[in-house]
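Next comes entry-v4.csv, a file with CSV, C-alpha atoms and all ligand atoms.
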```csv
chain,number,residue,atom,x,y,z
A,600,MET,CA,-74.3,20.4,65.3
A,601,HIS,CA,-72.9,21.1,68.7
A,602,ARG,CA,-72.0,24.0,70.9
A,603,VAL,CA,-69.7,24.3,73.9
A,604,VAL,CA,-71.7,25.8,76.7
A,605,CYS,CA,-71.2,26.5,80.4
A,606,PHE,CA,-72.6,23.8,82.6
A,607,GLU,CA,-73.5,26.4,85.2
A,608,CYS,CA,-74.7,29.6,83.5
A,609,GLY,CA,-75.6,28.0,80.2
A,610,GLY,CA,-73.8,30.7,78.2
A,611,GLU,CA,-72.2,29.7,74.9
A,612,VAL,CA,-68.4,29.6,74.8
A,613,ASP,CA,-66.7,30.4,71.5
A,614,ASP,CA,-63.0,30.3,72.4
A,615,PRO,CA,-61.9,26.6,71.9
A,616,PHE,CA,-58.8,27.1,74.1
A,617,VAL,CA,-60.5,28.0,77.5
A,618,ASP,CA,-61.1,25.4,80.1
A,619,SER,CA,-63.8,27.3,82.0
A,620,CYS,CA,-66.6,29.8,81.3
A,621,PRO,CA,-65.1,33.2,80.6
A,622,LYS,CA,-68.3,34.8,82.2
A,623,CYS,CA,-68.8,32.8,85.4
A,624,GLY,CA,-65.8,30.4,85.7
A,625,GLY,CA,-68.1,27.4,85.4
A,626,LEU,CA,-67.4,23.9,84.0
A,627,LEU,CA,-67.8,23.5,80.2
A,628,THR,CA,-69.9,20.9,78.5
A,629,VAL,CA,-70.9,20.0,74.9
A,630,ASP,CA,-74.5,20.6,74.0
A,631,LEU,CA,-75.4,18.3,71.2
A,632,ASP,CA,-78.3,19.0,68.9
A,633,LEU,CA,-80.0,15.6,68.8
A,634,ASP,CA,-82.1,16.3,65.6
A,635,PHE,CA,-79.7,14.2,63.6
A,636,ALA,CA,-81.0,11.1,65.4
A,637,SER,CA,-84.7,11.6,64.5
A,638,GLY,CA,-84.6,9.1,61.6
A,639,LEU,CA,-82.1,6.9,63.4
A,640,ARG,CA,-82.9,3.8,65.4
A,641,PRO,CA,-80.5,2.3,67.9
A,642,TYR,CA,-80.0,-0.9,65.9
A,643,ASP,CA,-79.0,1.1,62.8
A,644,LEU,CA,-75.7,1.9,64.7
A,645,ARG,CA,-74.9,-1.8,64.8
A,646,LYS,CA,-73.7,-1.8,61.2
A,647,ARG,CA,-70.4,-0.6,62.7
A,648,PRO,CA,-68.3,-2.8,65.1
A,649,LEU,CA,-68.8,-2.3,68.8
A,650,GLY,CA,-66.5,0.5,70.0
A,651,VAL,CA,-66.3,4.2,70.5
A,652,TRP,CA,-66.8,5.1,66.8
A,653,ARG,CA,-70.0,3.1,66.5
A,654,TYR,CA,-71.5,6.1,68.2
A,655,ALA,CA,-69.9,8.7,66.0
A,656,PRO,CA,-73.2,10.6,65.5
A,657,PHE,CA,-73.1,11.4,69.2
A,658,LEU,CA,-69.5,12.6,69.1
A,659,PRO,CA,-68.8,16.3,68.4
A,660,VAL,CA,-65.8,15.8,66.0
A,661,ASP,CA,-65.3,14.8,62.4
A,662,ALA,CA,-65.2,11.0,62.5
A,663,SER,CA,-63.5,10.8,59.1
A,664,ARG,CA,-60.4,12.3,60.8
A,665,ALA,CA,-60.6,10.1,63.9
A,666,VAL,CA,-57.3,9.4,65.7
A,667,THR,CA,-58.1,5.9,66.7
A,668,LEU,CA,-56.5,2.8,68.2
A,669,GLN,CA,-59.8,0.9,68.0
A,670,GLU,CA,-60.7,1.7,71.6
A,671,GLY,CA,-63.9,0.6,73.3
A,672,GLY,CA,-65.8,-2.6,72.4
A,673,THR,CA,-64.7,-4.0,75.7
A,674,PRO,CA,-66.3,-7.1,77.2
A,675,LEU,CA,-69.4,-7.0,79.5
A,676,TYR,CA,-69.0,-10.1,81.7
A,677,ASP,CA,-72.0,-11.7,83.3
A,678,CYS,CA,-70.4,-12.6,86.7
A,679,GLN,CA,-72.4,-15.6,88.0
A,680,ASP,CA,-70.0,-16.4,90.9
A,681,LEU,CA,-70.0,-12.8,92.1
A,682,ARG,CA,-73.8,-12.8,91.8
A,683,SER,CA,-74.1,-15.6,94.3
A,684,ILE,CA,-71.3,-14.5,96.6
A,685,ILE,CA,-72.7,-11.0,96.9
A,686,GLY,CA,-76.3,-12.3,96.9
A,687,ILE,CA,-78.0,-10.1,94.3
A,688,LYS,CA,-79.9,-10.8,91.1
A,689,GLY,CA,-77.4,-9.6,88.5
A,690,VAL,CA,-73.8,-8.5,88.4
A,691,HIS,CA,-72.1,-7.5,85.1
A,692,VAL,CA,-68.6,-6.2,84.9
A,693,LYS,CA,-67.7,-3.8,82.1
A,694,TYR,CA,-64.0,-4.5,81.7
A,695,GLU,CA,-62.3,-1.3,80.6
A,696,GLY,CA,-58.9,-2.8,81.2
A,697,ALA,CA,-59.3,-4.3,77.7
A,698,ASN,CA,-58.8,-0.9,76.0
A,699,PRO,CA,-55.6,-0.3,73.9
A,700,THR,CA,-53.6,1.3,76.8
A,701,GLY,CA,-55.5,-0.6,79.5
A,702,SER,CA,-58.0,1.9,80.8
A,703,PHE,CA,-61.2,3.7,79.9
A,704,LYS,CA,-59.3,6.9,79.4
A,705,ASP,CA,-58.7,5.8,75.7
A,706,ARG,CA,-62.4,6.5,75.0
A,707,GLY,CA,-62.0,10.1,75.9
A,708,MET,CA,-58.6,10.4,74.4
A,709,THR,CA,-59.5,9.2,70.9
A,710,VAL,CA,-62.1,12.1,70.8
A,711,GLY,CA,-59.9,14.6,72.6
A,712,VAL,CA,-56.9,14.1,70.4
A,713,THR,CA,-59.1,14.1,67.3
A,714,ARG,CA,-60.3,17.5,68.5
A,715,ALA,CA,-56.7,18.7,69.0
A,716,VAL,CA,-55.9,17.7,65.4
A,717,GLU,CA,-59.0,19.6,64.1
A,718,LEU,CA,-57.9,22.7,66.0
A,719,GLY,CA,-54.4,22.4,64.5
A,720,CYS,CA,-52.6,21.9,67.8
A,721,ARG,CA,-49.0,20.7,67.7
A,722,THR,CA,-48.5,19.9,71.5
A,723,VAL,CA,-50.9,18.3,73.8
A,724,GLY,CA,-50.6,17.7,77.6
A,725,CYS,CA,-52.2,16.7,80.8
A,726,ALA,CA,-51.8,16.2,84.5
A,727,SER,CA,-52.3,12.7,85.5
A,728,THR,CA,-52.4,10.1,88.3
A,729,GLY,CA,-51.1,7.8,85.5
A,730,ASN,CA,-53.7,6.5,83.1
A,731,THR,CA,-54.5,9.8,81.5
A,732,SER,CA,-50.8,10.2,80.7
A,733,ALA,CA,-50.5,6.6,79.4
A,734,SER,CA,-53.4,7.1,77.1
A,735,LEU,CA,-52.6,10.6,75.9
A,736,SER,CA,-49.0,9.6,75.1
A,737,ALA,CA,-50.2,6.8,72.9
A,738,TYR,CA,-52.8,8.9,71.0
A,739,ALA,CA,-50.3,11.7,70.6
A,740,ALA,CA,-47.9,9.3,69.1
A,741,LYS,CA,-50.5,8.0,66.7
A,742,ALA,CA,-51.4,11.6,65.7
A,743,GLY,CA,-47.8,12.7,65.4
A,744,LEU,CA,-48.1,15.4,68.1
A,745,SER,CA,-45.7,16.3,70.9
A,746,CYS,CA,-46.9,15.4,74.4
A,747,ILE,CA,-46.1,16.7,77.9
A,748,VAL,CA,-47.4,14.9,81.0
A,749,LEU,CA,-47.2,16.1,84.6
A,750,LEU,CA,-47.3,13.4,87.3
A,751,PRO,CA,-47.3,13.6,91.1
A,752,SER,CA,-43.9,12.3,92.1
A,753,GLY,CA,-43.7,8.9,93.7
A,754,LYS,CA,-47.4,8.2,93.5
A,755,VAL,CA,-47.8,6.8,90.0
A,756,ALA,CA,-48.1,3.0,89.4
A,757,ALA,CA,-45.2,1.4,87.6
A,758,GLY,CA,-47.1,0.2,84.6
A,759,LYS,CA,-48.6,3.7,83.9
A,760,LEU,CA,-45.3,5.5,84.2
A,761,ALA,CA,-43.6,2.9,81.9
A,762,GLN,CA,-46.3,3.5,79.3
A,763,ALA,CA,-46.0,7.3,79.3
A,764,MET,CA,-42.2,7.0,78.9
A,765,PHE,CA,-42.6,4.2,76.3
A,766,TYR,CA,-44.8,6.2,73.9
A,767,GLY,CA,-42.4,9.1,73.9
A,768,ALA,CA,-44.0,11.8,76.0
A,769,LYS,CA,-42.0,14.3,78.0
A,770,VAL,CA,-42.6,13.1,81.5
A,771,VAL,CA,-42.4,15.6,84.3
A,772,MET,CA,-42.6,14.6,87.9
A,773,VAL,CA,-43.8,17.4,90.1
A,774,ASP,CA,-43.2,17.5,93.8
A,775,GLY,CA,-46.9,17.7,94.8
A,776,ASN,CA,-50.1,15.8,94.4
A,777,PHE,CA,-52.4,15.5,91.3
A,778,ASP,CA,-54.4,18.6,92.2
A,779,ASP,CA,-51.1,20.6,92.2
A,780,ALA,CA,-50.0,19.1,88.9
A,781,LEU,CA,-53.3,20.0,87.2
A,782,GLN,CA,-53.1,23.6,88.3
A,783,VAL,CA,-49.7,24.0,86.7
A,784,THR,CA,-50.8,22.2,83.5
A,785,SER,CA,-53.9,24.4,83.2
A,786,GLN,CA,-51.6,27.5,83.5
A,787,LEU,CA,-49.3,26.1,80.8
A,788,ALA,CA,-52.4,25.6,78.6
A,789,ARG,CA,-53.6,29.2,79.2
A,790,GLU,CA,-50.1,30.4,78.2
A,791,GLY,CA,-50.4,28.4,74.9
A,792,VAL,CA,-47.6,25.9,75.7
A,793,LEU,CA,-49.9,22.9,75.2
A,794,TYR,CA,-53.5,21.9,74.5
A,795,LEU,CA,-55.0,20.6,77.7
A,796,LEU,CA,-56.5,17.1,77.5
A,797,ASN,CA,-57.6,16.5,81.1
A,798,SER,CA,-61.3,15.6,81.5
A,799,ILE,CA,-62.0,19.3,82.2
A,800,ASN,CA,-61.7,19.5,78.4
A,801,PRO,CA,-65.4,18.9,77.4
A,802,PHE,CA,-64.4,16.8,74.4
A,803,ARG,CA,-62.9,14.1,76.7
A,804,PRO,CA,-66.2,13.2,78.4
A,805,GLU,CA,-67.9,13.1,75.0
A,806,GLY,CA,-65.8,10.0,74.2
A,807,GLN,CA,-66.3,8.6,77.6
A,808,LYS,CA,-70.0,8.6,77.1
A,809,THR,CA,-69.6,5.6,74.9
A,810,VAL,CA,-69.0,3.2,77.8
A,811,ALA,CA,-72.6,3.8,78.8
A,812,PHE,CA,-73.8,3.4,75.2
A,813,GLU,CA,-72.0,0.1,75.0
A,814,ILE,CA,-73.4,-1.2,78.2
A,815,VAL,CA,-77.0,-0.5,77.0
A,816,ASP,CA,-76.2,-1.9,73.6
A,817,GLN,CA,-74.6,-5.1,75.0
A,818,LEU,CA,-77.7,-5.6,77.2
A,819,ASP,CA,-79.9,-5.3,74.1
A,820,PHE,CA,-81.4,-2.1,75.5
A,821,GLU,CA,-82.5,-3.6,78.8
A,822,VAL,CA,-81.4,-0.8,81.0
A,823,PRO,CA,-79.7,-2.1,84.2
A,824,ASP,CA,-81.1,-0.9,87.6
A,825,ARG,CA,-77.8,0.6,88.6
A,826,ILE,CA,-74.3,1.4,87.2
A,827,ILE,CA,-71.5,1.7,89.8
A,828,LEU,CA,-68.2,3.3,89.1
A,829,PRO,CA,-65.1,4.6,90.9
A,830,VAL,CA,-64.9,8.4,91.2
A,831,GLY,CA,-61.7,10.3,91.1
A,832,ASN,CA,-61.9,13.5,89.1
A,833,ALA,CA,-65.5,12.6,88.4
A,834,GLY,CA,-65.3,12.9,84.6
A,835,ASN,CA,-66.4,9.4,83.9
A,836,ILE,CA,-69.6,9.4,86.1
A,837,SER,CA,-70.6,12.7,84.5
A,838,ALA,CA,-70.0,11.3,81.0
A,839,VAL,CA,-72.1,8.3,81.7
A,840,HIS,CA,-74.9,10.5,83.0
A,841,LYS,CA,-74.7,12.7,79.9
A,842,ALA,CA,-74.8,9.6,77.6
A,843,LEU,CA,-77.9,8.2,79.2
A,844,THR,CA,-79.6,11.6,79.3
A,845,GLU,CA,-79.1,11.9,75.5
A,846,TRP,CA,-80.5,8.4,74.8
A,847,LYS,CA,-83.4,9.0,77.2
A,848,ALA,CA,-84.3,12.3,75.4
A,849,LEU,CA,-84.4,10.3,72.2
A,850,GLY,CA,-86.6,7.6,73.8
A,851,TRP,CA,-83.9,5.0,73.1
A,852,ILE,CA,-84.1,4.0,76.8
A,853,ASP,CA,-87.1,4.4,79.0
A,854,ARG,CA,-85.5,5.0,82.3
A,855,MET,CA,-82.2,6.0,83.9
A,856,PRO,CA,-80.0,3.5,85.9
A,857,LYS,CA,-79.2,4.8,89.4
A,858,LEU,CA,-75.7,6.2,89.0
A,859,THR,CA,-73.6,5.2,92.0
A,860,GLY,CA,-70.1,6.6,92.7
A,861,VAL,CA,-67.5,5.0,94.9
A,862,GLN,CA,-64.5,6.8,96.4
A,863,ALA,CA,-61.6,5.6,98.6
A,864,ALA,CA,-62.2,6.5,102.3
A,865,GLY,CA,-59.0,8.7,102.4
A,866,SER,CA,-60.1,10.6,99.3
A,867,ALA,CA,-63.9,11.1,99.4
A,868,PRO,CA,-65.0,14.7,99.0
A,869,ILE,CA,-68.0,13.7,96.8
A,870,VAL,CA,-69.2,11.1,99.4
A,871,ARG,CA,-69.1,13.7,102.2
A,872,ALA,CA,-71.1,16.2,100.1
A,873,PHE,CA,-73.6,13.5,99.3
A,874,ARG,CA,-74.0,12.6,102.9
A,875,ASP,CA,-74.6,16.2,103.7
A,876,GLU,CA,-77.0,16.5,100.8
A,877,ARG,CA,-75.0,19.3,99.2
A,878,MET,CA,-74.7,20.2,95.5
A,879,ASP,CA,-71.1,21.3,96.0
A,880,PHE,CA,-68.2,19.7,97.9
A,881,GLU,CA,-65.2,20.7,100.0
A,882,PRO,CA,-61.9,19.6,98.6
A,883,GLU,CA,-59.9,17.0,100.5
A,884,GLN,CA,-56.5,18.6,101.2
A,885,HIS,CA,-54.4,15.4,101.7
A,886,PRO,CA,-56.0,12.6,99.6
A,887,GLU,CA,-54.5,9.2,100.4
A,888,THR,CA,-55.4,5.7,99.1
A,889,VAL,CA,-53.7,2.6,97.6
A,890,ALA,CA,-56.0,3.2,94.6
A,891,THR,CA,-53.8,5.9,93.1
A,892,ALA,CA,-56.1,6.5,90.1
A,893,ILE,CA,-58.7,8.0,92.4
A,894,ARG,CA,-56.3,9.7,94.8
A,895,ILE,CA,-57.8,13.1,94.0
A,896,GLY,CA,-58.9,15.7,96.6
A,897,ASN,CA,-60.4,18.3,94.4
A,898,PRO,CA,-62.4,16.6,91.6
A,899,VAL,CA,-62.7,18.8,88.6
A,900,SER,CA,-66.1,17.5,87.6
A,901,GLY,CA,-67.4,17.1,91.2
A,902,LYS,CA,-70.5,19.2,90.7
A,903,LYS,CA,-71.4,17.3,87.6
A,904,ALA,CA,-71.0,14.0,89.5
A,905,LEU,CA,-73.3,15.1,92.3
A,906,LYS,CA,-75.9,16.1,89.8
A,907,ALA,CA,-75.6,12.8,88.1
A,908,ILE,CA,-76.1,11.0,91.4
A,909,TYR,CA,-79.0,13.1,92.6
A,910,ASP,CA,-80.8,13.2,89.3
A,911,THR,CA,-80.8,9.4,88.9
A,912,GLY,CA,-81.6,8.5,92.6
A,913,GLY,CA,-78.1,7.0,93.0
A,914,VAL,CA,-75.8,7.2,96.0
A,915,ALA,CA,-72.1,7.9,96.8
A,916,THR,CA,-70.2,5.7,99.2
A,917,ASP,CA,-66.7,5.2,100.3
A,918,VAL,CA,-64.6,2.0,100.8
A,919,THR,CA,-61.4,1.3,102.7
A,920,ASP,CA,-58.1,0.3,101.1
A,921,GLU,CA,-58.6,-3.2,102.6
A,922,GLU,CA,-62.1,-3.5,101.1
A,923,ILE,CA,-60.6,-2.4,97.7
A,924,LEU,CA,-57.8,-4.9,97.8
A,925,ALA,CA,-60.2,-7.7,98.9
A,926,ALA,CA,-62.6,-6.9,96.0
A,927,GLN,CA,-59.7,-6.9,93.6
A,928,ARG,CA,-58.6,-10.3,94.7
A,929,LEU,CA,-62.2,-11.6,94.7
A,930,LEU,CA,-62.6,-10.5,91.1
A,931,GLY,CA,-59.4,-12.2,90.0
A,932,ARG,CA,-59.9,-15.4,91.9
A,933,LYS,CA,-63.6,-16.0,91.3
A,934,GLU,CA,-64.0,-14.5,87.8
A,935,GLY,CA,-60.6,-14.4,86.3
A,936,ILE,CA,-60.8,-10.6,85.8
A,937,GLY,CA,-57.7,-8.6,86.5
A,938,VAL,CA,-58.3,-5.0,87.5
A,939,GLU,CA,-56.3,-2.3,89.1
A,940,PRO,CA,-57.2,-1.1,92.7
A,941,ALA,CA,-59.2,1.9,91.7
A,942,SER,CA,-61.4,-0.3,89.5
A,943,ALA,CA,-62.0,-2.7,92.3
A,944,ALA,CA,-63.6,0.2,94.2
A,945,SER,CA,-66.8,-0.3,92.2
A,946,ILE,CA,-67.0,-4.0,93.3
A,947,ALA,CA,-66.1,-3.1,96.9
A,948,GLY,CA,-68.8,-0.4,96.9
A,949,LEU,CA,-71.4,-2.9,95.6
A,950,ILE,CA,-70.6,-5.4,98.3
A,951,LYS,CA,-70.9,-2.7,101.0
A,952,LEU,CA,-74.1,-1.2,99.6
A,953,VAL,CA,-75.7,-4.7,99.5
A,954,ASP,CA,-74.6,-5.4,103.1
A,955,ASP,CA,-76.0,-2.0,104.2
A,956,GLY,CA,-79.4,-2.7,102.4
A,957,VAL,CA,-79.0,0.3,100.1
A,958,VAL,CA,-78.8,-1.9,97.0
A,959,ALA,CA,-81.7,-4.3,96.9
A,960,ARG,CA,-81.2,-8.0,96.3
A,961,ASP,CA,-83.4,-8.0,93.2
A,962,GLU,CA,-81.3,-5.4,91.4
A,963,ARG,CA,-79.4,-5.9,88.2
A,964,VAL,CA,-76.2,-4.0,88.5
A,965,VAL,CA,-73.3,-3.1,86.2
A,966,CYS,CA,-69.9,-2.3,87.7
A,967,ILE,CA,-67.5,-0.4,85.5
A,968,CYS,CA,-64.0,-1.7,86.1
A,969,THR,CA,-61.9,1.1,84.8
A,970,GLY,CA,-58.3,-0.2,84.4
A,971,ASN,CA,-56.1,-3.3,83.9
A,972,VAL,CA,-54.4,-5.3,86.7
A,973,LEU,CA,-51.0,-4.9,84.9
A,974,LYS,CA,-51.1,-1.1,85.6
A,975,ASP,CA,-50.0,-1.6,89.2
A,976,PRO,CA,-48.0,-4.8,89.7
A,977,ASP,CA,-46.4,-3.7,92.9
A,978,THR,CA,-49.7,-3.4,94.8
A,979,VAL,CA,-50.8,-6.7,93.4
A,980,MET,CA,-47.7,-8.5,94.5
A,981,ARG,CA,-47.8,-7.0,98.0
A,982,SER,CA,-51.4,-8.1,98.4
A,983,CYS,CA,-50.8,-11.8,97.4
A,984,GLU,CA,-49.3,-14.8,99.1
A,985,GLU,CA,-45.6,-15.1,99.2
A,986,ILE,CA,-43.8,-16.8,96.2
A,987,LEU,CA,-42.7,-20.4,97.0
A,988,LYS,CA,-39.0,-21.2,96.6
A,989,ALA,CA,-37.5,-24.6,95.8
A,990,LYS,CA,-34.4,-26.3,94.6
A,991,PRO,CA,-34.6,-27.6,90.9
A,992,THR,CA,-35.7,-31.1,91.9
A,993,VAL,CA,-39.1,-32.8,91.8
A,994,GLU,CA,-38.8,-33.7,95.5
A,995,ASP,CA,-38.3,-30.2,96.7
A,996,VAL,CA,-41.1,-28.7,94.5
A,997,ARG,CA,-43.4,-31.5,95.9
A,998,ARG,CA,-42.3,-30.5,99.4
A,999,VAL,CA,-43.0,-26.7,99.0
A,1000,ILE,CA,-46.4,-27.1,97.2
A,1001,ALA,CA,-47.7,-29.6,99.8
A,1101,LIG,C1,-59.1,8.0,85.8
A,1101,LIG,C2,-59.5,6.7,86.5
A,1101,LIG,C3,-60.5,6.7,87.4
A,1101,LIG,C4,-61.3,7.9,87.8
A,1101,LIG,O1,-62.1,8.4,86.8
A,1101,LIG,P1,-62.6,9.9,86.9
A,1101,LIG,O2,-63.2,10.1,85.6
A,1101,LIG,O3,-61.5,10.7,87.2
A,1101,LIG,O4,-63.6,9.9,88.0
A,1101,LIG,C5,-60.8,5.4,88.0
A,1101,LIG,N1,-60.1,4.3,87.7
A,1101,LIG,C6,-59.1,4.3,86.8
A,1101,LIG,C7,-58.4,3.1,86.5
A,1101,LIG,C8,-58.7,5.5,86.2
A,1101,LIG,O5,-57.7,5.5,85.3
```
Could I get this file's structure written as structure tokens?
Ligand SMILES: *Cc1c(COP(=O)(O)O)cnc(C)c1O
Amino acid sequence: MHRVVCFECGGEVDDPFVDSCPKCGGLLTVDLDLDFASGLRPYDLRKRPLGVWRYAPFLPVDASRAVTLQEGGTPLYDCQDLRSIIGIKGVHVKYEGANPTGSFKDRGMTVGVTRAVELGCRTVGCASTGNTSASLSAYAAKAGLSCIVLLPSGKVAAGKLAQAMFYGAKVVMVDGNFDDALQVTSQLAREGVLYLLNSINPFRPEGQKTVAFEIVDQLDFEVPDRIILPVGNAGNISAVHKALTEWKALGWIDRMPKLTGVQAAGSAPIVRAFRDERMDFEPEQHPETVATAIRIGNPVSGKKALKAIYDTGGVATDVTDEEILAAQRLLGRKEGIGVEPASAASIAGLIKLVDDGVVARDERVVCICTGNVLKDPDTVMRSCEEILKAKPTVEDVRRVIA
């Protein structure tokens, strides 16, 4: 059994179509009754293949009606070269770019769209920096629902925009940033035009919990010392915290990894709040970064993220665009792993925190790399060496490669 409750006042929320607490305006969360798991052992789950729906008992929807594209089950790479370059005991990369639409958003969307179907919704929608729209469009197509996505004009990476158009969503570019687009979309949801599937919808983070379940599962229940992830709207870090809290309550894990959030320097409200030791944050009015997926000034789940970081003894740090692009190249050229800029923020953050002595050299760390390199080909090509040009002769090709 599950109940939707307010994250702030704890009150139960019955109306499935509100996105905040009717009493206090607080964020919503799903409260799972963990009694079902009393007779269950972690290894019992392994009868199902690795992926989101292996963890169906922890998801608050009817798994027999799942709208699924076989999301999750992504690789956890043991990065030996990065380990020695960074100078730390263990580095794993959880490669979320291997999801069906190329980002971790698919984990939340399979659960969120299943919920929409359960509620009998006909039209779903979201505001998005790109990946949420790519993912929702695909799952809406799979479920046979109409889909409306609002994007900040001019700031969406080419691959993501192409995906939303390709899967048949109504794509609306709004003349504003992500935070503006989300306000409009929420209003449309309140007016009944669409069912909102941004991560403010508490069923999205429920699916996103599974990235943490998989990491622990893939490490045979040896909990890493730290999990590092990029923070935009802060849904993912909150979901990872919730997942680990549930497994800790069951005694399936004996300790919590330090949850560590990385933001881009031009878009870092959570990092500023963390440095000032505050539980709440001041929105950033003009967020700016090459990592468009985390170009968010007013993170919806910011308070949950700060709680996740404080509760686990983690930290929040920011990295420059140059550090992000350098980390992206390092991952590609040393490990053969292609990620988009926002995802590389986790690696850039790790490098910085080791240099600063915040992450100890004997730690075993997992970095979540949230999206695929193909999402943003323009940024990649700008940050690489120039293409060589030659006449169609062996001599000329020899000349230019010399
Ligand atoms: C959405 C997204 C993020 C940010 O995740 P939040 O849950 O909003 O903090 C980071 N990287 C990529 C690639 C994303 O698509």
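A straight line drawn from atom CA of Ser752 of chain A to atom CA of Val771 of chain A is 8.6 Å long.
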field: ligand LIG 1101 (chain A) neighbours within 6 Å using only C-alpha atoms and all ligand atoms, as a PyMOL selection string
entry: chain A and resi 702+730+829-835+892-893+941-942+969-970
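Interatomic distance, atom CA of Phe802 of chain A against atom CA of Glu883 of chain A: 26.5 Å.
Note that the spacing between atom CA of Met772 of chain A and atom CA of Leu750 of chain A amounts to 4.9 Å.
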query: Leaving out segment 856-864 of chain A and any residue of its chain fewer than 2 positions from it, which residues lie within 8 Å of it when counting only C-alpha atoms, given as a PyMOL selection string?
result: chain A and resi 822-831+836+840+854+866-867+869-870+888+890+893-894+907-908+911-920+944-945+948
Could you take the residues named above and write them with C-alpha atoms, as an mmCIF file, in the coordinates of the input?
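Output below, filename out_24.cif:
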```
data_model
loop_
_atom_site.group_PDB
_atom_site.id
_atom_site.type_symbol
_atom_site.label_atom_id
_atom_site.label_comp_id
_atom_site.auth_asym_id
_atom_site.auth_seq_id
_atom_site.Cartn_x
_atom_site.Cartn_y
_atom_site.Cartn_z
ATOM 1 C CA VAL A 822 -81.400 -0.800 81.000
ATOM 2 C CA PRO A 823 -79.700 -2.100 84.200
ATOM 3 C CA ASP A 824 -81.100 -0.900 87.600
ATOM 4 C CA ARG A 825 -77.800 0.600 88.600
ATOM 5 C CA ILE A 826 -74.300 1.400 87.200
ATOM 6 C CA ILE A 827 -71.500 1.700 89.800
ATOM 7 C CA LEU A 828 -68.200 3.300 89.100
ATOM 8 C CA PRO A 829 -65.100 4.600 90.900
ATOM 9 C CA VAL A 830 -64.900 8.400 91.200
ATOM 10 C CA GLY A 831 -61.700 10.300 91.100
ATOM 11 C CA ILE A 836 -69.600 9.400 86.100
ATOM 12 C CA HIS A 840 -74.900 10.500 83.000
ATOM 13 C CA ARG A 854 -85.500 5.000 82.300
ATOM 14 C CA SER A 866 -60.100 10.600 99.300
ATOM 15 C CA ALA A 867 -63.900 11.100 99.400
ATOM 16 C CA ILE A 869 -68.000 13.700 96.800
ATOM 17 C CA VAL A 870 -69.200 11.100 99.400
ATOM 18 C CA THR A 888 -55.400 5.700 99.100
ATOM 19 C CA ALA A 890 -56.000 3.200 94.600
ATOM 20 C CA ILE A 893 -58.700 8.000 92.400
ATOM 21 C CA ARG A 894 -56.300 9.700 94.800
ATOM 22 C CA ALA A 907 -75.600 12.800 88.100
ATOM 23 C CA ILE A 908 -76.100 11.000 91.400
ATOM 24 C CA THR A 911 -80.800 9.400 88.900
ATOM 25 C CA GLY A 912 -81.600 8.500 92.600
ATOM 26 C CA GLY A 913 -78.100 7.000 93.000
ATOM 27 C CA VAL A 914 -75.800 7.200 96.000
ATOM 28 C CA ALA A 915 -72.100 7.900 96.800
ATOM 29 C CA THR A 916 -70.200 5.700 99.200
ATOM 30 C CA ASP A 917 -66.700 5.200 100.300
ATOM 31 C CA VAL A 918 -64.600 2.000 100.800
ATOM 32 C CA THR A 919 -61.400 1.300 102.700
ATOM 33 C CA ASP A 920 -58.100 0.300 101.100
ATOM 34 C CA ALA A 944 -63.600 0.200 94.200
ATOM 35 C CA SER A 945 -66.800 -0.300 92.200
ATOM 36 C CA GLY A 948 -68.800 -0.400 96.900
#
```
task: List the neighbours of Ser982 of chain A out to 9 Å using only C-alpha atoms; skip same-chain residues closer than 5 positions along the sequence, and give me the result as a VMD selection string.
output: chain A and resid 924 to 925 928 977
Selection: 8 Å around Gly672 of chain A, all atoms listed in the file, excl. self and same-chain fewer than 4 positions, as a ChimeraX atom specification: /A:648-651,813
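Between Val690 of chain A and the candidates A:Arg997, A:Arg981, A:Arg963, A:Arg721, the tightest atom-to-atom separation, counting only C-alpha atoms, involves A:Arg963.
The list of residues with at least one atom within 9 Å of segment 951-954 of chain A, based on all atoms listed in the file and without residues fewer than 5 positions apart in the same chain, reads Ile685, Gly686, Ile687, Thr916, Asp917, Val918, Glu922, Ile946, Ala959 and Arg960 of chain A.
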Quick one: write out the picked residues with C-alpha atoms as an mmCIF file, keeping the file's coordinate frame?
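The file below, selection.cif, is the result:
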```
data_model
loop_
_atom_site.group_PDB
_atom_site.id
_atom_site.type_symbol
_atom_site.label_atom_id
_atom_site.label_comp_id
_atom_site.auth_asym_id
_atom_site.auth_seq_id
_atom_site.Cartn_x
_atom_site.Cartn_y
_atom_site.Cartn_z
ATOM 1 C CA ILE A 685 -72.700 -11.000 96.900
ATOM 2 C CA GLY A 686 -76.300 -12.300 96.900
ATOM 3 C CA ILE A 687 -78.000 -10.100 94.300
ATOM 4 C CA THR A 916 -70.200 5.700 99.200
ATOM 5 C CA ASP A 917 -66.700 5.200 100.300
ATOM 6 C CA VAL A 918 -64.600 2.000 100.800
ATOM 7 C CA GLU A 922 -62.100 -3.500 101.100
ATOM 8 C CA ILE A 946 -67.000 -4.000 93.300
ATOM 9 C CA ALA A 959 -81.700 -4.300 96.900
ATOM 10 C CA ARG A 960 -81.200 -8.000 96.300
#
```
- prompt: Is there a way to get, as number ranges by chain, all residues within 10 Å of the point (-67.3, 24.1, 74.3) in file coordinates, counting all atoms listed in the file?
  reply: A: 601-606, 611-620, 626-630, 659, 800-802
task: Show me as a PyMOL selection string the residues that reach within 10 Å of (-71.7, 0.8, 66.3), counting only C-alpha atoms and using the file's own coordinates.
output: chain A and resi 641-656+672+812-813+816
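Distances from A:Ala780, A:Ile684, A:Leu849, A:Leu744 to Gly729 of chain A were compared using only C-alpha atoms, and the smallest one belongs to A:Ala780.
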